[in-house]
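To start, the structure under review is shown below, and the notes come after it.
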Amino acid sequence: MTTPFRRALVTGASSGLGRALALWFARQGVVVYAAARRVEQLESLKAEAPEHIIPMVLDVSDADATHDAVRALDESCGGLDLVVANAGVGDQMSAEKVEWSRVRKVLDVNVLGATATLCGALPGMVARKRGQLVGVSSLAASISLPKTAAYNSSKSFLTAFLESLRLDVEQHGVAVTVIHPGFVKSEMTAKNRFPMPFLLETDDAAQRVGRAIMGQARFFSFPWPTAFVVWLAGALPRPLLRFIARRTI
């Protein structure tokens with residue numbers, strides 16, 4: 001597959017979908033700045049594609065530092081062609097166990113961290129009139145479930161932000177892609193205590209996402225059975241949906 005990208009940034013690259021995506025793009029010949037907090041995992045990733053992976057230690061929960069680091073990288077590397085805001089965290093909390101510190105952690109990473117990542121690269125892309133911004137949201141953005149208020153709402157924000165941003169930046173030659181995965185094997189989903197239908201292998205998911213990005217898809221939801229169920233749930237009357245949702249987790 002011929003790639004339109006020379007230099008890419010992928011956050012959350014130490015494990016899961018982010019790691020697999022960084023490798024997938026590296027194997028297409030893209031120079032990938034693989035960003036995450038854990039140095040050892042980043043060095044392990046680099047060892048798999050040493051000519052194309054450049055580790056970047058970055059904690060996206062510090063939004064201001066993330067914005068500045070991405071902006072500086074874009075200016076120093078010759079311009080990023082692709083930025084994938086993939087880093088994310090999840091947490092399940094019942095009403096009796098809600099803690100602000102845990103809710104804030106989800107919002108700091110999934111909302112502020114992701115937004116800061118994208119905004120850091122945006123000025124350079126607009127000036128060059130090329131580039132692609134990608135946000136890894138979730139099918140959970142479209143549905144309400146018990147114990148997942150912070151996570152689901154954080155992904156709803158990311159989807160809405162990118163969908164609106166597209167209206168502003170497409171006229172400047174910048175593409176925007178919103179990814180809505182279902183269940184993908186990762187450290188995060190390994191902690192889930194509920195059934196995960198149509199759970200995808202990480203490499204399979206990365207290939208699907210990579211191809212959607214290469215094709216500049218505006219919106220990509222997968223796998224289709226899970227996406228269809230979520231779409232169907234959204235069409236149900238709200239009282240019925242609440243009744244079903246309370247029995248899911």
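Scheme for the structure tokens: letters A, B, ... for chains in order shown; per-chain residue numbers from 1; ligand numbers from 1 in order shown.
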* To do: Report as a PyMOL selection string: the residues of stretch 32-83 of chain A with a DSSP assignment of strand (DSSP E), based on the backbone of this structure.
  => chain A and resi 32-36+53-57+82-83
* To do: From a DSSP calculation on the backbone, collect every residue of stretch 2-197 of chain A in alpha helix (DSSP H) and output the set as a count of residues only.
  => 79
* **Long-range neighbours of stretch 16-26 of chain A as an NGL selection string, 6 Å cut-off, only C-alpha atoms, 4 positions minimum in chain** => :A and (12 or 30 or 52 or 186 or 202-203 or 206)
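Among A:Phe161, A:Asn110, A:Ala127, A:Val230, the residue with the shortest atom-to-atom distance to A:Leu145, counting only C-alpha atoms, is A:Val230.
Interatomic distance, atom CA of A:Ala95 against atom CA of A:Ala140: 18.9 Å.
Near stretch 207-223 of chain A, within 7 Å and counting only C-alpha atoms, sit Thr3, Leu21, Trp24, Ala175, Val176, Thr177, Val178, Ile179, His180, Pro181 and Gly182 of chain A; same-chain residues fewer than 6 positions away were not included.
Distance annotation: of A:Ser14, A:Thr66, A:Gln28, A:Thr159, the residue with the minimal separation from A:Ser44 is A:Ser14; atom set is only C-alpha atoms.
Closest approach to A:Pro4 among A:Asp108, A:Glu163, A:Glu170, A:Asp81: A:Asp81, based on only C-alpha atoms.
The residue set within 12 Å of A:Cys77, counting only C-alpha atoms and dropping same-chain residues fewer than 6 places from it, reads Arg6, Arg7, Ala8, Leu9, Val31, Val32, Tyr33, Ile54, Ala69, Val70, Arg71, Ala121 and Gly124 of chain A.
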